[in-house]
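*Asks:* target-v2.txt is reproduced below (compact mmCIF, C-alpha atoms).
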```txt
# COMPACT_ATOMS: atom_id res chain seq x y z
CA MET A 236 51.27 63.46 84.92
CA GLN A 237 52.55 66.71 83.35
CA GLU A 238 55.06 67.14 86.19
CA ASN A 239 56.32 63.58 85.70
CA ASN A 240 56.71 64.20 81.97
CA ALA A 241 58.63 67.42 82.68
CA HIS A 242 61.04 65.59 84.97
CA TYR A 243 61.46 62.85 82.37
CA TYR A 244 62.58 65.43 79.82
CA ASP A 245 64.79 67.16 82.41
CA TYR A 246 66.62 63.91 83.20
CA ALA A 247 66.95 63.09 79.51
CA ASP A 248 68.44 66.55 78.96
CA LEU A 249 70.72 66.17 81.98
CA ASN A 250 72.07 62.86 80.66
CA LEU A 251 72.68 64.52 77.29
CA LEU A 252 74.61 67.38 78.91
CA LEU A 253 76.67 65.03 81.08
CA ASP A 254 77.68 62.86 78.12
CA VAL A 255 78.51 65.78 75.84
CA CYS A 256 80.35 67.75 78.53
CA TRP A 257 82.55 64.76 79.37
CA GLU A 258 83.54 64.58 75.70
CA ALA A 259 84.04 68.34 75.56
CA GLY A 260 86.26 68.09 78.63
CA ASP A 261 88.45 65.51 76.92
CA LEU A 262 88.72 67.82 73.92
CA ALA A 263 89.60 70.80 76.14
CA MET A 264 92.40 68.88 77.85
CA LYS A 265 94.06 68.30 74.46
CA TYR A 266 94.52 72.08 74.24
CA PHE A 267 95.29 72.76 77.91
CA GLY A 268 98.92 73.66 78.51
CA CYS A 269 99.64 74.12 74.80
CA GLU A 270 100.64 77.24 72.90
CA LEU A 271 97.41 78.49 71.30
CA ASP A 272 96.26 81.12 68.85
CA VAL A 273 94.48 83.89 70.79
CA ARG A 274 92.48 86.93 69.71
CA PHE A 275 90.81 89.59 71.81
CA LYS A 276 87.16 90.67 71.83
CA ASP A 277 85.65 93.93 73.06
CA GLY A 278 86.74 94.65 76.62
CA ASN A 279 90.08 92.93 76.03
CA SER A 280 88.59 89.49 76.67
CA PRO A 281 90.70 86.65 75.18
CA VAL A 282 89.31 83.98 72.88
CA SER A 283 91.57 81.03 72.11
CA GLU A 284 91.36 78.38 69.42
CA ALA A 285 90.30 76.02 72.23
CA ASP A 286 87.23 78.17 73.03
CA VAL A 287 86.19 78.05 69.39
CA ALA A 288 86.82 74.32 68.92
CA ILE A 289 84.89 73.37 72.06
CA ASP A 290 82.01 75.67 71.14
CA VAL A 291 81.77 74.13 67.65
CA PHE A 292 81.81 70.64 69.20
CA LEU A 293 79.11 71.50 71.75
CA LYS A 294 76.90 73.15 69.15
CA GLU A 295 77.11 70.19 66.78
CA LYS A 296 76.43 67.60 69.49
CA LEU A 297 73.73 69.46 71.43
CA LEU A 298 71.71 70.85 68.52
CA GLY A 299 72.16 67.55 66.73
CA ALA A 300 70.38 65.88 69.63
CA ARG A 301 67.87 68.71 70.27
CA PRO A 302 67.28 70.60 66.99
CA ASN A 303 64.14 72.15 68.46
CA TYR A 304 66.12 74.01 71.16
CA GLY A 305 67.54 77.50 70.83
CA TRP A 306 71.24 78.35 71.10
CA ILE A 307 72.85 81.12 73.21
CA SER A 308 76.64 81.00 73.35
CA GLU A 309 79.57 83.28 74.08
CA GLU A 310 81.32 82.32 70.86
CA THR A 311 78.70 81.56 68.18
CA GLU A 312 75.28 82.88 67.27
CA ASP A 313 72.32 80.72 66.35
CA ASN A 314 72.55 80.63 62.56
CA ARG A 315 69.18 78.97 61.93
CA GLY A 316 67.30 82.22 61.47
CA GLU A 317 64.91 83.96 63.83
CA ALA A 318 62.73 81.63 65.89
CA ILE A 319 61.27 81.40 69.37
CA TYR A 320 62.09 78.18 71.18
CA LYS A 321 60.62 76.72 74.35
CA ARG A 322 64.08 75.73 75.61
CA TYR A 323 67.51 77.16 74.92
CA PHE A 324 71.04 75.90 75.45
CA VAL A 325 73.17 78.55 77.20
CA VAL A 326 76.85 77.74 76.64
CA ASP A 327 80.27 78.97 77.68
CA PRO A 328 82.87 76.62 76.14
CA ILE A 329 85.55 77.82 78.57
CA ASP A 330 84.60 79.99 81.54
CA GLY A 331 87.88 81.39 82.81
CA THR A 332 89.80 81.57 79.54
CA ARG A 333 92.56 83.73 81.07
CA GLY A 334 93.13 81.09 83.72
CA PHE A 335 93.01 78.32 81.11
CA LEU A 336 95.71 80.09 79.09
CA SER A 337 97.88 80.75 82.15
CA GLY A 338 97.78 77.13 83.33
CA SER A 339 95.26 77.47 86.16
CA ILE A 340 93.12 74.37 86.70
CA GLU A 341 90.08 76.39 87.83
CA TRP A 342 88.21 76.81 84.54
CA CYS A 343 84.96 75.22 83.43
CA ILE A 344 82.78 74.19 80.55
CA SER A 345 79.36 75.62 81.41
CA VAL A 346 76.13 74.41 79.79
CA ALA A 347 72.61 75.17 80.97
CA ILE A 348 69.15 74.71 79.53
CA ILE A 349 66.71 77.54 80.17
CA GLU A 350 62.94 77.61 79.92
CA ASN A 351 60.74 80.60 80.68
CA SER A 352 63.90 82.66 81.33
CA ARG A 353 65.14 80.36 84.13
CA PRO A 354 67.72 77.53 84.16
CA VAL A 355 66.09 74.12 84.51
CA VAL A 356 69.09 71.86 83.83
CA GLY A 357 72.74 72.73 84.32
CA VAL A 358 76.17 71.08 84.07
CA LEU A 359 79.53 72.56 84.98
CA GLN A 360 82.46 70.42 83.86
CA CYS A 361 85.91 71.22 85.33
CA PRO A 362 88.17 68.88 83.33
CA ALA A 363 91.53 69.80 84.89
CA LYS A 364 90.08 69.09 88.36
CA ASP A 365 88.17 65.99 87.24
CA GLU A 366 84.95 67.48 88.60
CA ILE A 367 81.48 67.66 87.12
CA TYR A 368 78.61 69.50 88.81
CA ALA A 369 75.01 68.93 87.76
CA ALA A 370 71.53 70.07 88.75
CA ILE A 371 67.86 69.84 87.81
CA THR A 372 65.28 72.25 89.17
CA GLY A 373 63.78 70.85 92.35
CA GLU A 374 66.00 67.75 92.37
CA GLY A 375 69.13 68.99 94.13
CA ALA A 376 72.69 69.27 92.82
CA THR A 377 75.53 66.76 92.57
CA LEU A 378 79.31 66.74 92.35
CA ASN A 379 80.67 63.69 90.49
CA GLY A 380 77.31 62.02 91.02
CA VAL A 381 77.21 62.57 94.80
CA ARG A 382 74.46 64.83 96.08
CA LEU A 383 75.66 68.12 97.56
CA PRO A 384 74.22 69.01 100.98
CA LEU A 385 72.11 72.08 101.60
CA LEU A 386 73.98 75.15 102.78
CA ARG A 387 73.88 76.15 106.43
CA SER A 388 73.80 79.68 107.77
CA ASN A 389 77.13 81.25 108.68
CA ILE A 390 77.23 81.64 112.47
CA ASN A 391 79.94 83.38 114.50
CA ARG A 392 82.67 83.53 111.88
CA LYS A 393 83.85 85.90 109.23
CA TYR A 394 82.24 85.83 105.79
CA ARG A 395 84.61 84.46 103.15
CA VAL A 396 84.12 86.82 100.25
CA SER A 397 85.15 86.81 96.59
CA ILE A 398 85.08 90.42 95.44
CA ASP A 399 86.78 92.86 93.12
CA GLN A 400 89.33 94.90 95.07
CA LEU A 401 87.92 98.20 93.80
CA ILE A 402 84.57 97.33 95.38
CA ALA A 403 86.25 95.98 98.50
CA GLN A 404 87.79 99.40 99.13
CA LYS A 405 84.31 100.94 99.25
CA LEU A 406 82.85 98.57 101.82
CA PRO A 407 81.85 100.08 105.19
CA TYR A 408 84.64 99.75 107.75
CA ASP A 409 82.53 97.83 110.28
CA PHE A 410 81.53 95.30 107.62
CA SER A 411 85.11 94.95 106.31
CA ASN A 412 86.14 93.73 109.76
CA ARG A 413 83.67 90.86 109.46
CA ILE A 414 84.97 89.41 106.20
CA SER A 415 88.03 87.61 104.85
CA PHE A 416 88.95 87.71 101.19
CA PHE A 417 89.00 84.46 99.23
CA ARG A 418 91.83 83.84 96.78
CA TYR A 419 91.36 84.87 93.15
CA ILE A 420 89.64 82.31 90.92
CA PRO A 421 89.63 82.94 87.14
CA SER A 422 86.24 81.31 86.48
CA LEU A 423 83.16 83.13 87.76
CA ALA A 424 81.11 79.96 87.39
CA TYR A 425 83.56 78.06 89.58
CA ARG A 426 83.38 80.76 92.24
CA ILE A 427 79.60 80.32 92.32
CA VAL A 428 79.77 76.53 92.75
CA LEU A 429 82.26 77.02 95.59
CA VAL A 430 79.49 79.02 97.26
CA ALA A 431 77.19 76.03 96.67
CA GLN A 432 79.75 73.85 98.47
CA GLY A 433 80.09 76.27 101.38
CA GLU A 434 83.73 77.15 100.66
CA ILE A 435 82.90 80.78 99.84
CA ASP A 436 80.12 82.66 101.63
CA ILE A 437 79.61 85.58 99.25
CA VAL A 438 80.50 86.42 95.66
CA LEU A 439 79.92 89.94 94.39
CA VAL A 440 79.67 90.14 90.62
CA GLN A 441 80.34 93.37 88.77
CA PRO A 442 77.82 94.50 86.12
CA ASN A 443 78.03 93.14 82.58
CA CYS A 444 78.62 89.46 83.18
CA HIS A 445 76.67 87.35 80.67
CA ASP A 446 74.08 84.59 80.81
CA TRP A 447 76.58 81.96 79.65
CA ASP A 448 78.93 82.82 82.52
CA ILE A 449 76.42 82.04 85.24
CA ALA A 450 73.29 80.11 84.16
CA ALA A 451 74.48 76.60 85.07
CA ALA A 452 76.19 77.73 88.28
CA ASP A 453 73.09 79.70 89.29
CA LEU A 454 70.97 76.54 89.18
CA ILE A 455 73.56 74.49 91.08
CA LEU A 456 73.71 77.12 93.84
CA GLN A 457 69.93 77.40 93.97
CA GLU A 458 69.60 73.63 94.36
CA CYS A 459 71.98 73.77 97.34
CA GLY A 460 69.73 76.26 99.10
CA GLY A 461 71.66 79.37 98.09
CA CYS A 462 70.64 82.33 95.99
CA PHE A 463 72.06 84.40 93.17
CA MET A 464 70.29 87.74 92.95
CA PRO A 465 70.24 91.15 91.32
CA LEU A 466 69.79 94.08 93.69
CA GLU A 467 66.25 94.85 92.63
CA ALA A 468 64.73 91.48 91.72
CA PRO A 469 64.28 88.07 93.36
CA PHE A 470 66.12 86.19 90.61
CA ILE A 471 68.05 86.56 87.36
CA SER A 472 66.11 86.30 84.09
CA TYR A 473 67.96 84.59 81.24
CA GLY A 474 67.71 84.73 77.46
CA ILE A 475 66.62 88.35 77.32
CA GLY A 476 68.12 91.19 75.27
CA ALA A 477 71.91 91.38 75.21
CA TYR A 478 72.23 88.52 77.75
CA GLN A 479 73.98 90.88 80.17
CA ASP A 480 73.28 91.39 83.85
CA GLY A 481 73.79 94.16 86.38
CA PHE A 482 75.37 93.93 89.82
CA LEU A 483 74.76 90.47 91.32
CA VAL A 484 75.23 88.82 94.69
CA ALA A 485 75.62 85.08 95.31
CA GLY A 486 75.57 83.36 98.67
CA GLU A 487 73.72 81.33 101.26
CA SER A 488 70.31 82.96 101.53
CA ASN A 489 70.91 84.94 104.75
CA CYS A 490 74.43 85.98 103.67
CA CYS A 491 73.09 87.03 100.30
CA GLN A 492 70.38 89.26 101.74
CA ASN A 493 72.77 90.78 104.28
CA MET A 494 75.24 91.57 101.50
CA ILE A 495 72.55 93.17 99.35
CA ASN A 496 71.66 95.43 102.28
CA VAL A 497 75.33 96.39 102.70
CA VAL A 498 75.69 97.15 98.99
CA ARG A 499 72.59 99.33 99.00
CA GLN A 500 73.55 101.22 102.16
CA ALA A 501 77.12 101.78 100.96
CA LYS A 502 75.86 102.82 97.49
CA LEU A 503 78.47 100.64 95.84
CA VAL A 504 76.58 100.74 92.55
```
Is it possible to give me this structure as structure tokens?

*Replies:*
Amino acid sequence: MQENNAHYYDYADLNLLLDVCWEAGDLAMKYFGCELDVRFKDGNSPVSEADVAIDVFLKEKLLGARPNYGWISEETEDNRGEAIYKRYFVVDPIDGTRGFLSGSIEWCISVAIIENSRPVVGVLQCPAKDEIYAAITGEGATLNGVRLPLLRSNINRKYRVSIDQLIAQKLPYDFSNRISFFRYIPSLAYRIVLVAQGEIDIVLVQPNCHDWDIAAADLILQECGGCFMPLEAPFISYGIGAYQDGFLVAGESNCCQNMINVVRQAKLV
């Protein structure tokens, strides 16, 4: 009975995220392609008026519906005072802001719900592509309501890899001959869901990405039979400390483990 109740709440939360993210997507498209006010945070990361407006909208709608949930966002802190919540929203109003500002269509609104440091519900809305990805732990993942198939192992072809060029230059020569480089995609979350769809085999993520960048995409990939892993742990823990992560590898399970072995042997980090 407890498991059934848990799934009931997961589906209720998923429906909430889907409804709110569709609205947030409509709001984002009103800003897309327009001249916007932009400021820069630490690390020269841009924040536009669209990021702020979408974050305010998401916070009002989501906490209005679930006032007993915590709030972790790239743009706003939880202003309700210190508290420990069973579940937290983890939000990136625009993942891939540079791409959004330059006119790329590969940016996302990323919202996950975490419990016990793991994502349990996740939605990735890509308004300019008219795509919405969704997942619940143990229930699979969908794209526009259609279930995504489980990933298959890569056999007898080159790995398609999304990787920073500085790291690519350090890869062992014999391994470099077995990979092809995927085109640049501004949104890290979107790169991860392309792994879930089998379009990319491996994504290497430099240290210091944040929970809001990856939580929803992590769950979607996991529910397609892939994995998203640190080098020294079986999974990523969310909602802890500064919400930052070290070097990460995403891929189909066998690809992921092979890449972790390559990274360790090459001492890339």

*Asks:* Please identify all polymer residues within 12 Å of Asn412 (chain A), counting all atoms listed in the file, omitting same-chain residues fewer than 6 positions from it, and present them as a list in words.

*Replies:*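 Once the nearby chain positions are removed, what remains is Arg392, Lys393, Tyr394, Arg395, Val396, Ala403 and Leu406 of chain A.
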
*Asks:* Could you pull the residues within 9 Å of region 471-486 of chain A, counting only C-alpha atoms, minus those fewer than 5 positions along the same chain, as a count of residues only?

*Replies:* 40

*Asks:* May I ask which of the residues A:Val282, A:Ile371, A:Leu429, A:Leu386 is the closest one to Arg333 (chain A), counting all atoms listed in the file?

*Replies:*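 Using all atoms listed in the file, the shortest distance to Arg333 (chain A) belongs to A:Val282.
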
*Asks:* So what do you get for CA of Ile329 (chain A) versus CA of Leu385 (chain A), distance-wise?

*Replies:*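 Taking CA of Ile329 (chain A) as the start and CA of Leu385 (chain A) as the end point, the length is 27.3 Å.
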
*Asks:* Distance CA of Ile402 (chain A)-CA of Tyr419 (chain A), one decimal place?

*Replies:* 14.4 Å

*Asks:* Let me make sure I understand: among A:Asp399, A:Leu298, A:Glu270, A:Pro328, which one has the smallest atom-to-atom distance to Arg315 (chain A) if we use all atoms listed in the file?

*Replies:*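 Going through A:Asp399, A:Leu298, A:Glu270, A:Pro328 one by one, the smallest distance to Arg315 (chain A) is for A:Leu298.
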
*Asks:* Using only C-alpha atoms, which residues sit within 9 Å of Asp330 (chain A) once same-chain residues fewer than 6 positions away are excluded, as a list of chain:residue names?

*Replies:* A:Trp342, A:Cys343, A:Ile344, A:Ser345, A:Pro421, A:Ser422, A:Leu423, A:Ala424, A:Tyr425, A:Trp447, A:Asp448

*Asks:* What does the distance between CA of Cys459 (chain A) and CA of Lys321 (chain A) come to in Å, to one decimal place?

*Replies:*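 Distance reported for this atom pair: 25.8 Å.
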
*Asks:* Please provide the set of residues having any atom within 10 Å of region 372-384 of chain A, restricted to all atoms listed in the file, with same-chain residues fewer than 4 positions apart removed, written as a compact mmCIF listing (two decimals) with C-alpha atoms, in the coordinates of the input.

*Replies:*
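Full text of around37.txt as output:
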```txt
# COMPACT_ATOMS: atom_id res chain seq x y z
CA HIS A 242 61.04 65.59 84.97
CA ASP A 245 64.79 67.16 82.41
CA TYR A 246 66.62 63.91 83.20
CA ARG A 353 65.14 80.36 84.13
CA PRO A 354 67.72 77.53 84.16
CA VAL A 355 66.09 74.12 84.51
CA VAL A 356 69.09 71.86 83.83
CA GLY A 357 72.74 72.73 84.32
CA VAL A 358 76.17 71.08 84.07
CA LEU A 359 79.53 72.56 84.98
CA GLN A 360 82.46 70.42 83.86
CA ASP A 365 88.17 65.99 87.24
CA GLU A 366 84.95 67.48 88.60
CA ILE A 367 81.48 67.66 87.12
CA TYR A 368 78.61 69.50 88.81
CA VAL A 428 79.77 76.53 92.75
CA ALA A 431 77.19 76.03 96.67
CA GLN A 432 79.75 73.85 98.47
CA GLY A 433 80.09 76.27 101.38
CA LEU A 454 70.97 76.54 89.18
CA ILE A 455 73.56 74.49 91.08
CA LEU A 456 73.71 77.12 93.84
CA GLN A 457 69.93 77.40 93.97
CA GLU A 458 69.60 73.63 94.36
CA CYS A 459 71.98 73.77 97.34
CA GLY A 460 69.73 76.26 99.10
```

*Asks:* Counting only C-alpha atoms, figure out which residue out of A:Val291, A:Phe410, A:Arg426, A:Ile449 gets nearest to Val497 (chain A).

*Replies:* A:Phe410

*Asks:* So, counting only C-alpha atoms, which residue among A:Tyr243, A:Val346, A:Leu249, A:Gly305 is closest to Asp290 (chain A)?

*Replies:* A:Val346

*Asks:* Using only C-alpha atoms, which of A:Ala285, A:Ala452, A:Cys256, A:Cys269 sits nearest Thr332 (chain A)?

*Replies:*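 The closest residue to Thr332 (chain A) is A:Ala285.
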
*Asks:* I'd like the contact shell of Ile289 (chain A) - 12 Å cut-off, all atoms listed in the file, skipping same-chain residues fewer than 4 positions apart - returned as a ChimeraX atom specification.

*Replies:* /A:255-267,282-285,293-297,308-311,326-330,343-346

*Asks:* Write out the residues from the selection above, keeping C-alpha atoms, as a short mmCIF file (atom, residue, chain, number, x, y, z; two decimals), keeping the file's coordinate frame.

*Replies:*
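In the end it all went to again-v7.cif:
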```cif
data_model
loop_
_atom_site.label_atom_id
_atom_site.label_comp_id
_atom_site.auth_asym_id
_atom_site.auth_seq_id
_atom_site.Cartn_x
_atom_site.Cartn_y
_atom_site.Cartn_z
CA VAL A 255 78.51 65.78 75.84
CA CYS A 256 80.35 67.75 78.53
CA TRP A 257 82.55 64.76 79.37
CA GLU A 258 83.54 64.58 75.70
CA ALA A 259 84.04 68.34 75.56
CA GLY A 260 86.26 68.09 78.63
CA ASP A 261 88.45 65.51 76.92
CA LEU A 262 88.72 67.82 73.92
CA ALA A 263 89.60 70.80 76.14
CA MET A 264 92.40 68.88 77.85
CA LYS A 265 94.06 68.30 74.46
CA TYR A 266 94.52 72.08 74.24
CA PHE A 267 95.29 72.76 77.91
CA VAL A 282 89.31 83.98 72.88
CA SER A 283 91.57 81.03 72.11
CA GLU A 284 91.36 78.38 69.42
CA ALA A 285 90.30 76.02 72.23
CA LEU A 293 79.11 71.50 71.75
CA LYS A 294 76.90 73.15 69.15
CA GLU A 295 77.11 70.19 66.78
CA LYS A 296 76.43 67.60 69.49
CA LEU A 297 73.73 69.46 71.43
CA SER A 308 76.64 81.00 73.35
CA GLU A 309 79.57 83.28 74.08
CA GLU A 310 81.32 82.32 70.86
CA THR A 311 78.70 81.56 68.18
CA VAL A 326 76.85 77.74 76.64
CA ASP A 327 80.27 78.97 77.68
CA PRO A 328 82.87 76.62 76.14
CA ILE A 329 85.55 77.82 78.57
CA ASP A 330 84.60 79.99 81.54
CA CYS A 343 84.96 75.22 83.43
CA ILE A 344 82.78 74.19 80.55
CA SER A 345 79.36 75.62 81.41
CA VAL A 346 76.13 74.41 79.79
#
```

*Asks:* Let me make sure I understand: among A:Asn303, A:Val287, A:Tyr408, A:Pro281, which one has the smallest atom-to-atom distance to Gly331 (chain A) if we use all atoms listed in the file?

*Replies:*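 Of the candidates, the smallest distance to Gly331 (chain A) is held by A:Pro281.
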